[in-house]
There are 2 protein chains.
Amino acid sequence: MQSSEELLEIIEKHIEQLELNNPPAELYNPISYTLNTKGKRIRPLLTLLACQMFSDNIKPAILPALGLEVFHNFTLLHDDIMDQAPIRRGVPSVYKKWDTNTAILSGDTMFVLAYDYVTNSDPSFLVNVLRVFNQTAREVCEGQQYDMNYETQENVSLDNYIEMIRLKTAVLIAAALKIGAITAHASEEDAQNIYDFGINIGLAFQLRDDLLDVYGNQEVFGKPIGNDIVTNKKTYLYIMAYNLANKTQQKALDTAYKLNDRNVKINGVMEVFNQLDIRKTTEEMIENYYQKSLTFLNAVSVPKKQKAELYAFAKGLSLRNV
Amino acid sequence: MQSSEELLEIIEKHIEQLELNNPPAELYNPISYTLNTKGKRIRPLLTLLACQMFSDNIKPAILPALGLEVFHNFTLLHDDIMDQAPIRRGVPSVYKKWDTNTAILSGDTMFVLAYDYVTNSDPSFLVNVLRVFNQTAREVCEGQQYDMNYETQENVSLDNYIEMIRLKTAVLIAAALKIGAITAHASEEDAQNIYDFGINIGLAFQLRDDLLDVYGNQEVFGKPIGNDIVTNKKTYLYIMAYNLANKTQQKALDTAYKLNDRNVKINGVMEVFNQLDIRKTTEEMIENYYQKSLTFLNAVSVPKKQKAELYAFAKGLSLRNV
C-alpha cells in the first residue's frame, strides 16, 4: 500500500516523461506549460488510490490516470477562454499567455492525447474505461454549458446549481475513482459505490471552491479572489444568499451584480454574504456532502485499512483551504 | 455491392437518427445544425466504400464512419473560429451564428460524440481503429497549427505546404479509408495501400480546394471566393506563384497581401496568378497526385471490379468543381 505522497511522485514522474517536444512548438509548448504548472493532480491520484484499494498492482491504472489528468487540463484551457479567467494556478492561463486560438487548438490536442493514453491501457478493461470516460467527458461539457447559461439566466434554483456542479466537477472526480476500480477488476457494485462516493466528494470539493473564491487567501488559492462574483457566476453562496435575503438585501445583490468596478462589486456582494452568514451555511452543506460520501466508501467491500488513504484524502478535499 | 449513392443514403439516415435533442439545447442545437447542414460526407462514404471493397457486410463500418464524420465537423467548428471563416456550406458558421464560446464547447462535445461512436464499434477491431483515429486526430491538430503558423511566416516552401495539407486534410481521408479496411479485417498491407491511396487523393482534394477558392463558383462552392487570399493563407497557388514570379510580380503579390480592401486584394493577387497561368500549374499537380493515388489502389489485393466505386469516387474528388 503506497501513501498519497508516494503515488503523487509516481504521477509527477510519468507526467515529466510525456513526450511533448514534437513540432510544431506553437502547439506543444502550451501543453507542456499547462501540464508542468503543478496542479493538485487530484484526479490521477484518485484513480491510483481507488486501484490500490482493490489490488496490489497499480500499473494498469497509470495510463488511464494520465488520460484523466490531461483531459482535466484540456477542459481548463477551454474553460479559461469561455470564462475569461486570466490566471490559473498562480500563472497566466494559456489564452492569456498566448492567445485564444492557441488555447483552442492546444486544448484539442490534449483531448486527443488523453484518449491516446487511455487507448494504450490494458485491453481487458479498455472498453469499460472508455465508456465511463466518454460519458464523463460529455457530462463535463454539459456542465460547462449550464454554468455559462446560468451567468445570464435569472432564477437559478439550488437544485439547478447542484446538478450543474455535479456535471461540471463531480462526475470527473467520480469517474477517476471508478476507472481506478475498473483497472483493478473490482465488482460492478464496488465500482458504483466508489463512483457515488466520488460524486459527493466532488460536490463538497466544488462548494469548497465556491467558498474559497470569496473567503480564500489569494496567494494560497492561486487565483484572484472574487472572480466568480466579477464574472456573475451564480455560485452556491450567491444562490443561497438570494434565497435567504430580505427584499433590501436582494436589491443590494442585484445592484452589486450589475456594477463594473471590480472591488466595489466584490465588496457589495460580500457585505450581503456576511450579513446572512453564508460562510457558515456553505460549510454546513460541505459537511453534509462529506458525510454522505463516507456512507458510500463504507459500503465498498474491502477491509477498512485498505480504505485509509481514501478516507484521509476525502477529508482533505472537503476541508482544504487551497 | 452498393453504389456511393446508396451508401450516402445509409449515412444520411444514420446521421438523422443521432440523438441530439438532449438538454442543454444551447449545447446540442449547434451540433444538430452542423450535422444537418449537408456536407459531402466524403469521409464516412470512404469508410463504407473501403469496407465493402473487402467485405459484403458494411455494418461494422457504420459507427466508425459516423465517428469520422462527427470528428471532421468538430474540426470545422474550431477551425472556423481560428480562421475567422464566417460562412460554411453556404450558411453562417457556428461561431458566427451563435458565438465563439458556443463553437468551442459544442465542438468539444462533438469530439466526445465521435469517440463514443467509435468506442461502441466491434471490440474485435476497436483498438486498431482507435490507434488510427488518435494518431489522425493529433496530426489534424498539427496541420491546423502549421496552417496558422504559415499565415504570418515568410518563406513557406512547397514541401512545407504539402506536409501541412497532408496533416490537415489528407490523413483524415486516408484514415477514413484505412478504418473501413480494418473493419473488414483486411490485411495490413492492403490497409496500408488504401491509406496511401487516401493520402494522395487527399492532397489532390486539397489542391482542388485551393483552386476553387480562387477560380470556383461561389454559389456552387458554398464559401465566398478569395477567402484564402483575404486571410493571407499561403496556398499552393500563392507559393507556386511566388516561386515562378519575377521581382515585379513578387512585389505585386507582397503589396496585395498587405491590403485591407477585400476586392482590391483579391483582384491584385489574381492578376499575378493569371499572368503566371497558376491555374494550369495547379491542375497539373492535382493530376499528378491523382495518378499516384491510382498506383496504390491498383496494388490492393482484391478483384478490380470491387474497386470500381472507389476509382470513380477518387476521380470525382480530384476533378470536382464543388
# chains A, B, ... in the order shown; residues from 1 in each chain; ligands from 1
call {"tool": "interface_residues", "arguments": {"of": "chain B", "to": "chain A", "cutoff": "6 Å", "atoms": "only C-alpha atoms", "output": "list in words"}}
result
Met82, Asn101, Thr109, Asp116, Asn134 and Arg138 of chain B
call {"tool": "calpha_fit_and_write", "arguments": {"fixed": "chain B", "moving": "chain A", "output": "tab-separated table (two decimals) with C-alpha atoms, in the first residue's frame"}}
result
chain	number	residue	atom	x	y	z
A	1	MET	CA	-22.00	-4.12	-53.78
A	2	GLN	CA	-23.78	-0.85	-53.14
A	3	SER	CA	-23.29	2.35	-55.10
A	4	SER	CA	-21.94	5.53	-53.51
A	5	GLU	CA	-25.45	6.98	-53.74
A	6	GLU	CA	-26.91	4.07	-51.79
A	7	LEU	CA	-24.18	4.28	-49.17
A	8	LEU	CA	-24.72	8.04	-48.83
A	9	GLU	CA	-28.39	7.37	-48.12
A	10	ILE	CA	-27.40	4.96	-45.37
A	11	ILE	CA	-25.08	7.58	-43.89
A	12	GLU	CA	-27.73	10.32	-44.00
A	13	LYS	CA	-30.28	8.04	-42.36
A	14	HIS	CA	-27.90	7.26	-39.52
A	15	ILE	CA	-26.96	10.90	-39.04
A	16	GLU	CA	-30.66	11.84	-38.88
A	17	GLN	CA	-31.13	9.22	-36.18
A	18	LEU	CA	-28.35	10.50	-33.91
A	19	GLU	CA	-29.83	11.52	-30.59
A	20	LEU	CA	-29.02	15.20	-30.36
A	21	ASN	CA	-32.10	16.50	-28.58
A	22	ASN	CA	-30.72	16.22	-25.05
A	23	PRO	CA	-30.60	19.29	-22.86
A	24	PRO	CA	-28.93	21.73	-22.66
A	25	ALA	CA	-30.27	22.95	-26.01
A	26	GLU	CA	-27.57	25.64	-26.15
A	27	LEU	CA	-25.00	22.84	-26.43
A	28	TYR	CA	-26.77	20.39	-28.74
A	29	ASN	CA	-28.60	22.71	-31.16
A	30	PRO	CA	-25.36	23.86	-32.82
A	31	ILE	CA	-24.35	20.21	-33.18
A	32	SER	CA	-27.65	19.35	-34.91
A	33	TYR	CA	-27.30	22.45	-37.07
A	34	THR	CA	-23.80	21.41	-38.14
A	35	LEU	CA	-24.53	17.76	-38.82
A	36	ASN	CA	-27.76	18.51	-40.67
A	37	THR	CA	-26.22	21.17	-42.91
A	38	LYS	CA	-25.47	18.61	-45.51
A	39	GLY	CA	-21.80	18.27	-46.22
A	40	LYS	CA	-20.41	15.98	-48.84
A	41	ARG	CA	-19.99	13.14	-46.29
A	42	ILE	CA	-16.75	12.25	-48.02
A	43	ARG	CA	-15.08	10.62	-45.00
A	44	PRO	CA	-17.88	8.26	-43.89
A	45	LEU	CA	-18.53	7.36	-47.51
A	46	LEU	CA	-14.87	6.44	-47.97
A	47	THR	CA	-15.04	4.27	-44.85
A	48	LEU	CA	-18.03	2.36	-46.22
A	49	LEU	CA	-16.54	2.12	-49.71
A	50	ALA	CA	-13.27	0.76	-48.32
A	51	CYS	CA	-15.13	-1.72	-46.13
A	52	GLN	CA	-17.28	-3.09	-48.95
A	53	MET	CA	-14.25	-3.48	-51.17
A	54	PHE	CA	-13.15	-6.24	-48.75
A	55	SER	CA	-16.44	-7.48	-47.33
A	56	ASP	CA	-20.12	-7.91	-48.14
A	57	ASN	CA	-21.07	-6.66	-44.69
A	58	ILE	CA	-20.72	-2.90	-44.20
A	59	LYS	CA	-22.50	-2.82	-40.84
A	60	PRO	CA	-19.32	-2.94	-38.72
A	61	ALA	CA	-18.05	0.17	-40.55
A	62	ILE	CA	-21.06	2.36	-39.81
A	63	LEU	CA	-20.25	3.51	-36.27
A	64	PRO	CA	-16.61	4.34	-37.09
A	65	ALA	CA	-17.85	6.12	-40.23
A	66	LEU	CA	-20.21	8.26	-38.14
A	67	GLY	CA	-17.36	8.93	-35.69
A	68	LEU	CA	-15.18	10.20	-38.53
A	69	GLU	CA	-17.90	12.48	-39.89
A	70	VAL	CA	-18.63	13.95	-36.46
A	71	PHE	CA	-14.90	14.37	-35.81
A	72	HIS	CA	-14.48	16.17	-39.14
A	73	ASN	CA	-17.37	18.50	-38.32
A	74	PHE	CA	-15.89	19.19	-34.90
A	75	THR	CA	-12.67	20.36	-36.57
A	76	LEU	CA	-14.70	22.68	-38.81
A	77	LEU	CA	-16.35	24.35	-35.80
A	78	HIS	CA	-12.98	25.11	-34.22
A	79	ASP	CA	-11.16	25.90	-37.50
A	80	ASP	CA	-13.84	28.43	-38.43
A	81	ILE	CA	-13.16	30.31	-35.18
A	82	MET	CA	-9.40	30.23	-35.71
A	83	ASP	CA	-9.63	31.15	-39.40
A	84	GLN	CA	-12.42	33.68	-38.83
A	85	ALA	CA	-14.44	31.99	-41.60
A	86	PRO	CA	-18.01	33.30	-41.32
A	87	ILE	CA	-19.62	31.02	-43.93
A	88	ARG	CA	-19.57	27.23	-44.13
A	89	ARG	CA	-21.54	25.21	-46.69
A	90	GLY	CA	-23.42	28.33	-47.71
A	91	VAL	CA	-24.73	29.13	-44.21
A	92	PRO	CA	-23.26	31.02	-41.23
A	93	SER	CA	-20.61	29.03	-39.37
A	94	VAL	CA	-21.39	28.22	-35.74
A	95	TYR	CA	-19.20	30.86	-34.10
A	96	LYS	CA	-20.91	33.46	-36.30
A	97	LYS	CA	-24.51	32.21	-35.88
A	98	TRP	CA	-24.04	31.75	-32.12
A	99	ASP	CA	-20.72	32.85	-30.64
A	100	THR	CA	-17.14	31.70	-30.07
A	101	ASN	CA	-17.84	30.02	-26.73
A	102	THR	CA	-20.65	28.00	-28.28
A	103	ALA	CA	-18.43	26.89	-31.14
A	104	ILE	CA	-15.69	25.87	-28.70
A	105	LEU	CA	-17.93	23.87	-26.37
A	106	SER	CA	-20.28	22.32	-28.94
A	107	GLY	CA	-17.16	21.37	-30.87
A	108	ASP	CA	-15.65	19.71	-27.80
A	109	THR	CA	-18.88	17.79	-27.31
A	110	MET	CA	-18.81	16.61	-30.93
A	111	PHE	CA	-15.30	15.35	-30.31
A	112	VAL	CA	-16.60	13.26	-27.39
A	113	LEU	CA	-19.51	12.00	-29.52
A	114	ALA	CA	-17.07	10.98	-32.25
A	115	TYR	CA	-15.12	8.87	-29.75
A	116	ASP	CA	-18.35	7.48	-28.37
A	117	TYR	CA	-19.44	6.17	-31.77
A	118	VAL	CA	-16.03	4.63	-32.35
A	119	THR	CA	-15.99	3.09	-28.86
A	120	ASN	CA	-19.31	1.35	-29.49
A	121	SER	CA	-18.01	-0.39	-32.58
A	122	ASP	CA	-17.00	-4.06	-32.69
A	123	PRO	CA	-14.42	-4.95	-29.99
A	124	SER	CA	-12.61	-7.22	-32.47
A	125	PHE	CA	-11.07	-4.20	-34.21
A	126	LEU	CA	-11.70	-1.42	-31.69
A	127	VAL	CA	-8.09	-0.94	-30.57
A	128	ASN	CA	-6.80	-0.85	-34.14
A	129	VAL	CA	-9.42	1.70	-35.16
A	130	LEU	CA	-8.74	3.83	-32.09
A	131	ARG	CA	-4.98	3.85	-32.77
A	132	VAL	CA	-5.55	5.15	-36.31
A	133	PHE	CA	-8.18	7.59	-35.06
A	134	ASN	CA	-5.95	9.01	-32.29
A	135	GLN	CA	-2.91	9.42	-34.49
A	136	THR	CA	-5.00	11.06	-37.19
A	137	ALA	CA	-6.74	13.43	-34.80
A	138	ARG	CA	-3.38	14.52	-33.45
A	139	GLU	CA	-1.98	15.06	-36.95
A	140	VAL	CA	-5.03	17.10	-37.95
A	141	CYS	CA	-4.35	19.43	-34.99
A	142	GLU	CA	-0.69	19.70	-36.02
A	143	GLY	CA	-1.75	20.50	-39.57
A	144	GLN	CA	-4.06	23.26	-38.40
A	145	GLN	CA	-1.21	24.70	-36.30
A	146	TYR	CA	1.15	24.77	-39.31
A	147	ASP	CA	-1.62	26.35	-41.36
A	148	MET	CA	-1.93	29.15	-38.81
A	149	ASN	CA	1.86	29.50	-38.50
A	150	TYR	CA	2.18	29.93	-42.26
A	151	GLU	CA	-0.25	32.86	-42.30
A	152	THR	CA	2.46	35.03	-40.76
A	153	GLN	CA	5.61	33.05	-41.62
A	154	GLU	CA	7.70	34.24	-44.57
A	155	ASN	CA	9.27	31.69	-46.91
A	156	VAL	CA	6.91	28.76	-46.72
A	157	SER	CA	8.35	26.21	-49.12
A	158	LEU	CA	6.25	23.96	-51.33
A	159	ASP	CA	7.45	20.99	-49.24
A	160	ASN	CA	6.30	22.73	-46.04
A	161	TYR	CA	2.97	23.39	-47.66
A	162	ILE	CA	2.41	19.85	-48.92
A	163	GLU	CA	3.32	18.47	-45.49
A	164	MET	CA	0.85	20.89	-43.89
A	165	ILE	CA	-2.06	19.82	-46.11
A	166	ARG	CA	-1.06	16.17	-45.69
A	167	LEU	CA	-1.59	16.64	-41.94
A	168	LYS	CA	-4.55	18.96	-42.07
A	169	THR	CA	-6.57	17.22	-44.77
A	170	ALA	CA	-5.07	14.11	-46.34
A	171	VAL	CA	-4.52	11.98	-43.22
A	172	LEU	CA	-8.23	12.08	-42.34
A	173	ILE	CA	-9.22	10.99	-45.87
A	174	ALA	CA	-6.60	8.24	-45.64
A	175	ALA	CA	-7.69	7.23	-42.13
A	176	ALA	CA	-11.33	7.02	-43.23
A	177	LEU	CA	-10.29	4.52	-45.90
A	178	LYS	CA	-7.93	2.57	-43.65
A	179	ILE	CA	-10.51	2.33	-40.88
A	180	GLY	CA	-13.02	0.97	-43.41
A	181	ALA	CA	-10.46	-1.67	-44.39
A	182	ILE	CA	-9.78	-2.52	-40.73
A	183	THR	CA	-13.49	-3.03	-40.02
A	184	ALA	CA	-13.51	-5.59	-42.87
A	185	HIS	CA	-10.42	-7.29	-41.35
A	186	ALA	CA	-8.30	-6.52	-44.45
A	187	SER	CA	-4.61	-7.41	-44.35
A	188	GLU	CA	-2.12	-4.86	-43.03
A	189	GLU	CA	-0.60	-4.48	-46.48
A	190	ASP	CA	-3.96	-3.75	-48.06
A	191	ALA	CA	-4.82	-1.35	-45.24
A	192	GLN	CA	-1.54	0.48	-45.86
A	193	ASN	CA	-2.11	0.66	-49.62
A	194	ILE	CA	-5.59	2.04	-49.15
A	195	TYR	CA	-4.13	4.57	-46.68
A	196	ASP	CA	-1.50	5.72	-49.19
A	197	PHE	CA	-4.18	5.92	-51.87
A	198	GLY	CA	-6.06	8.20	-49.47
A	199	ILE	CA	-3.06	10.43	-48.78
A	200	ASN	CA	-2.63	11.17	-52.48
A	201	ILE	CA	-6.33	11.62	-53.11
A	202	GLY	CA	-6.40	13.90	-50.06
A	203	LEU	CA	-3.58	16.04	-51.44
A	204	ALA	CA	-5.35	16.27	-54.81
A	205	PHE	CA	-8.57	17.13	-52.99
A	206	GLN	CA	-6.96	19.96	-51.01
A	207	LEU	CA	-5.18	21.41	-54.05
A	208	ARG	CA	-8.56	21.39	-55.81
A	209	ASP	CA	-9.94	23.23	-52.78
A	210	ASP	CA	-7.18	25.84	-53.08
A	211	LEU	CA	-8.00	26.20	-56.77
A	212	LEU	CA	-11.76	26.52	-56.19
A	213	ASP	CA	-11.17	29.19	-53.55
A	214	VAL	CA	-9.86	31.39	-56.34
A	215	TYR	CA	-11.43	30.02	-59.52
A	216	GLY	CA	-14.62	28.40	-58.22
A	217	ASN	CA	-18.23	29.49	-58.46
A	218	GLN	CA	-19.26	30.94	-55.09
A	219	GLU	CA	-22.81	29.57	-55.20
A	220	VAL	CA	-21.70	26.08	-56.10
A	221	PHE	CA	-18.68	26.13	-53.76
A	222	GLY	CA	-20.68	27.26	-50.72
A	223	LYS	CA	-18.01	29.67	-49.48
A	224	PRO	CA	-17.08	33.20	-50.57
A	225	ILE	CA	-14.44	33.21	-53.29
A	226	GLY	CA	-11.00	34.52	-52.35
A	227	ASN	CA	-11.24	33.80	-48.62
A	228	ASP	CA	-7.77	32.23	-48.57
A	229	ILE	CA	-6.33	35.38	-50.12
A	230	VAL	CA	-8.17	37.68	-47.73
A	231	THR	CA	-6.91	35.70	-44.71
A	232	ASN	CA	-3.33	35.61	-46.06
A	233	LYS	CA	-3.29	31.84	-46.43
A	234	LYS	CA	-0.21	30.65	-48.24
A	235	THR	CA	-1.95	28.21	-50.55
A	236	TYR	CA	-0.37	26.08	-53.25
A	237	LEU	CA	-1.36	28.75	-55.76
A	238	TYR	CA	0.30	31.52	-53.81
A	239	ILE	CA	3.53	29.63	-53.09
A	240	MET	CA	3.85	28.42	-56.67
A	241	ALA	CA	3.15	31.92	-57.98
A	242	TYR	CA	5.77	33.39	-55.67
A	243	ASN	CA	8.30	30.78	-56.83
A	244	LEU	CA	7.62	31.47	-60.51
A	245	ALA	CA	7.24	35.23	-60.23
A	246	ASN	CA	9.81	37.80	-61.35
A	247	LYS	CA	10.76	40.64	-58.97
A	248	THR	CA	7.93	42.89	-60.18
A	249	GLN	CA	5.35	40.18	-59.76
A	250	GLN	CA	6.69	39.22	-56.32
A	251	LYS	CA	6.39	42.83	-55.27
A	252	ALA	CA	2.84	42.96	-56.62
A	253	LEU	CA	1.97	39.88	-54.52
A	254	ASP	CA	3.62	41.35	-51.40
A	255	THR	CA	1.75	44.61	-51.87
A	256	ALA	CA	-1.59	42.92	-52.51
A	257	TYR	CA	-1.23	40.67	-49.43
A	258	LYS	CA	-0.89	43.75	-47.24
A	259	LEU	CA	-4.09	45.40	-48.49
A	260	ASN	CA	-7.23	45.62	-46.39
A	261	ASP	CA	-9.92	46.11	-49.04
A	262	ARG	CA	-11.23	42.65	-49.83
A	263	ASN	CA	-11.92	43.03	-53.54
A	264	VAL	CA	-8.84	45.07	-54.37
A	265	LYS	CA	-6.72	42.51	-52.54
A	266	ILE	CA	-8.27	39.52	-54.33
A	267	ASN	CA	-8.00	41.19	-57.74
A	268	GLY	CA	-4.36	42.18	-57.15
A	269	VAL	CA	-3.35	38.63	-56.29
A	270	MET	CA	-5.41	37.06	-59.08
A	271	GLU	CA	-3.79	39.31	-61.67
A	272	VAL	CA	-0.39	37.78	-60.86
A	273	PHE	CA	-1.87	34.27	-60.74
A	274	ASN	CA	-3.31	34.80	-64.20
A	275	GLN	CA	-0.08	36.22	-65.64
A	276	LEU	CA	1.74	33.08	-64.47
A	277	ASP	CA	-1.01	30.64	-65.52
A	278	ILE	CA	-1.10	29.25	-61.98
A	279	ARG	CA	-4.44	27.65	-62.66
A	280	LYS	CA	-2.87	25.28	-65.18
A	281	THR	CA	0.15	24.52	-62.98
A	282	THR	CA	-2.15	23.62	-60.10
A	283	GLU	CA	-4.34	21.42	-62.30
A	284	GLU	CA	-1.24	19.53	-63.43
A	285	MET	CA	-0.18	18.96	-59.87
A	286	ILE	CA	-3.65	17.67	-58.99
A	287	GLU	CA	-3.43	15.26	-61.91
A	288	ASN	CA	-0.02	14.05	-60.62
A	289	TYR	CA	-1.38	13.21	-57.18
A	290	TYR	CA	-4.46	11.64	-58.70
A	291	GLN	CA	-2.35	9.36	-60.91
A	292	LYS	CA	-0.09	8.47	-57.98
A	293	SER	CA	-3.10	7.58	-55.86
A	294	LEU	CA	-4.21	5.07	-58.50
A	295	THR	CA	-0.97	3.09	-58.22
A	296	PHE	CA	-1.82	2.38	-54.57
A	297	LEU	CA	-5.44	1.46	-55.31
A	298	ASN	CA	-4.21	-0.80	-58.13
A	299	ALA	CA	-2.00	-2.62	-55.60
A	300	VAL	CA	-4.85	-3.56	-53.27
A	301	SER	CA	-5.32	-7.34	-53.50
A	302	VAL	CA	-8.98	-7.60	-54.44
A	303	PRO	CA	-10.55	-8.07	-57.92
A	304	LYS	CA	-10.72	-4.86	-59.92
A	305	LYS	CA	-14.51	-4.78	-60.15
A	306	GLN	CA	-14.67	-4.47	-56.33
A	307	LYS	CA	-12.67	-1.25	-56.63
A	308	ALA	CA	-14.93	0.32	-59.25
A	309	GLU	CA	-16.77	2.63	-56.86
A	310	LEU	CA	-13.52	3.84	-55.30
A	311	TYR	CA	-11.95	4.52	-58.71
A	312	ALA	CA	-14.99	6.57	-59.66
A	313	PHE	CA	-15.06	8.42	-56.36
A	314	ALA	CA	-11.35	9.24	-56.49
A	315	LYS	CA	-11.79	10.69	-59.96
A	316	GLY	CA	-14.76	12.73	-58.80
A	317	LEU	CA	-12.85	14.15	-55.81
A	318	SER	CA	-9.89	15.20	-57.91
A	319	LEU	CA	-11.90	16.73	-60.74
A	320	ARG	CA	-14.78	18.19	-58.73
A	321	ASN	CA	-15.90	21.78	-59.15
A	322	VAL	CA	-17.64	21.95	-55.78
call {"tool": "select_by_dssp", "arguments": {"residues": "region 62-115 of chain B", "states": "helix (DSSP H, G or I)", "output": "PyMOL selection string"}}
result
chain B and resi 62-82+94-97+100-115
call {"tool": "write_last_selection", "arguments": {"atoms": "N, CA and C atoms", "output": "compact mmCIF listing (two decimals), in the first residue's frame"}}
result
# COMPACT_ATOMS: atom_id res chain seq x y z
N ILE B 62 -20.17 1.19 -39.91
CA ILE B 62 -21.06 2.35 -39.81
C ILE B 62 -20.73 3.25 -38.62
N LEU B 63 -20.55 2.66 -37.43
CA LEU B 63 -20.25 3.51 -36.27
C LEU B 63 -18.92 4.25 -36.43
N PRO B 64 -17.83 3.57 -36.84
CA PRO B 64 -16.61 4.34 -37.09
C PRO B 64 -16.80 5.42 -38.16
N ALA B 65 -17.60 5.12 -39.18
CA ALA B 65 -17.85 6.13 -40.23
C ALA B 65 -18.54 7.36 -39.65
N LEU B 66 -19.53 7.13 -38.79
CA LEU B 66 -20.21 8.26 -38.14
C LEU B 66 -19.22 9.03 -37.27
N GLY B 67 -18.38 8.29 -36.54
CA GLY B 67 -17.37 8.93 -35.70
C GLY B 67 -16.47 9.86 -36.51
N LEU B 68 -16.06 9.39 -37.68
CA LEU B 68 -15.18 10.21 -38.52
C LEU B 68 -15.89 11.46 -39.03
N GLU B 69 -17.16 11.33 -39.40
CA GLU B 69 -17.91 12.49 -39.90
C GLU B 69 -18.10 13.51 -38.78
N VAL B 70 -18.42 13.02 -37.58
CA VAL B 70 -18.64 13.95 -36.46
C VAL B 70 -17.30 14.59 -36.07
N PHE B 71 -16.23 13.81 -36.08
CA PHE B 71 -14.91 14.38 -35.80
C PHE B 71 -14.57 15.47 -36.82
N HIS B 72 -14.78 15.18 -38.10
CA HIS B 72 -14.48 16.17 -39.14
C HIS B 72 -15.27 17.46 -38.90
N ASN B 73 -16.54 17.32 -38.56
CA ASN B 73 -17.37 18.50 -38.33
C ASN B 73 -16.93 19.26 -37.08
N PHE B 74 -16.46 18.53 -36.07
CA PHE B 74 -15.88 19.18 -34.90
C PHE B 74 -14.71 20.07 -35.31
N THR B 75 -13.83 19.55 -36.16
CA THR B 75 -12.66 20.36 -36.56
C THR B 75 -13.12 21.61 -37.31
N LEU B 76 -14.21 21.49 -38.08
CA LEU B 76 -14.70 22.67 -38.80
C LEU B 76 -15.16 23.76 -37.84
N LEU B 77 -15.87 23.36 -36.77
CA LEU B 77 -16.35 24.35 -35.80
C LEU B 77 -15.18 25.14 -35.22
N HIS B 78 -14.13 24.43 -34.84
CA HIS B 78 -12.98 25.11 -34.23
C HIS B 78 -12.14 25.85 -35.28
N ASP B 79 -11.94 25.23 -36.43
CA ASP B 79 -11.17 25.89 -37.49
C ASP B 79 -11.82 27.21 -37.90
N ASP B 80 -13.15 27.21 -37.99
CA ASP B 80 -13.84 28.43 -38.43
C ASP B 80 -13.64 29.58 -37.45
N ILE B 81 -13.52 29.25 -36.15
CA ILE B 81 -13.17 30.31 -35.18
C ILE B 81 -11.76 30.80 -35.49
N MET B 82 -10.82 29.87 -35.56
CA MET B 82 -9.40 30.24 -35.71
C MET B 82 -9.15 30.97 -37.02
N VAL B 94 -20.80 28.22 -37.09
CA VAL B 94 -21.39 28.21 -35.74
C VAL B 94 -20.95 29.40 -34.89
N TYR B 95 -19.66 29.76 -34.95
CA TYR B 95 -19.20 30.86 -34.11
C TYR B 95 -19.85 32.17 -34.52
N LYS B 96 -20.28 32.23 -35.80
CA LYS B 96 -20.91 33.44 -36.31
C LYS B 96 -22.40 33.45 -35.98
N LYS B 97 -23.05 32.30 -36.15
CA LYS B 97 -24.50 32.21 -35.89
C LYS B 97 -24.78 32.29 -34.39
N THR B 100 -18.37 32.49 -30.15
CA THR B 100 -17.14 31.70 -30.07
C THR B 100 -17.24 30.63 -28.99
N ASN B 101 -17.75 31.01 -27.81
CA ASN B 101 -17.84 30.02 -26.73
C ASN B 101 -18.69 28.81 -27.13
N THR B 102 -19.79 29.09 -27.82
CA THR B 102 -20.65 28.00 -28.28
C THR B 102 -19.90 27.10 -29.25
N ALA B 103 -19.17 27.70 -30.16
CA ALA B 103 -18.43 26.89 -31.14
C ALA B 103 -17.34 26.06 -30.46
N ILE B 104 -16.72 26.62 -29.42
CA ILE B 104 -15.70 25.86 -28.69
C ILE B 104 -16.35 24.66 -28.02
N LEU B 105 -17.40 24.92 -27.24
CA LEU B 105 -17.93 23.86 -26.37
C LEU B 105 -18.77 22.83 -27.15
N SER B 106 -19.55 23.28 -28.12
CA SER B 106 -20.28 22.32 -28.93
C SER B 106 -19.30 21.49 -29.74
N GLY B 107 -18.21 22.12 -30.17
CA GLY B 107 -17.15 21.38 -30.87
C GLY B 107 -16.55 20.30 -29.97
N ASP B 108 -16.21 20.68 -28.74
CA ASP B 108 -15.66 19.70 -27.79
C ASP B 108 -16.62 18.52 -27.62
N THR B 109 -17.89 18.84 -27.52
CA THR B 109 -18.89 17.79 -27.31
C THR B 109 -18.96 16.86 -28.53
N MET B 110 -18.84 17.44 -29.72
CA MET B 110 -18.81 16.60 -30.93
C MET B 110 -17.61 15.67 -30.93
N PHE B 111 -16.50 16.17 -30.39
CA PHE B 111 -15.29 15.35 -30.29
C PHE B 111 -15.59 14.13 -29.40
N VAL B 112 -16.25 14.37 -28.28
CA VAL B 112 -16.61 13.26 -27.39
C VAL B 112 -17.55 12.30 -28.12
N LEU B 113 -18.56 12.85 -28.80
CA LEU B 113 -19.52 12.00 -29.52
C LEU B 113 -18.80 11.13 -30.55
N ALA B 114 -17.83 11.74 -31.23
CA ALA B 114 -17.07 10.98 -32.24
C ALA B 114 -16.41 9.77 -31.59
N TYR B 115 -15.76 9.99 -30.45
CA TYR B 115 -15.12 8.88 -29.75
C TYR B 115 -16.15 7.88 -29.25
call {"tool": "select_by_dssp", "arguments": {"residues": "region 19-222 of chain A", "states": "strand (DSSP E)", "output": "count of residues only"}}
result
4
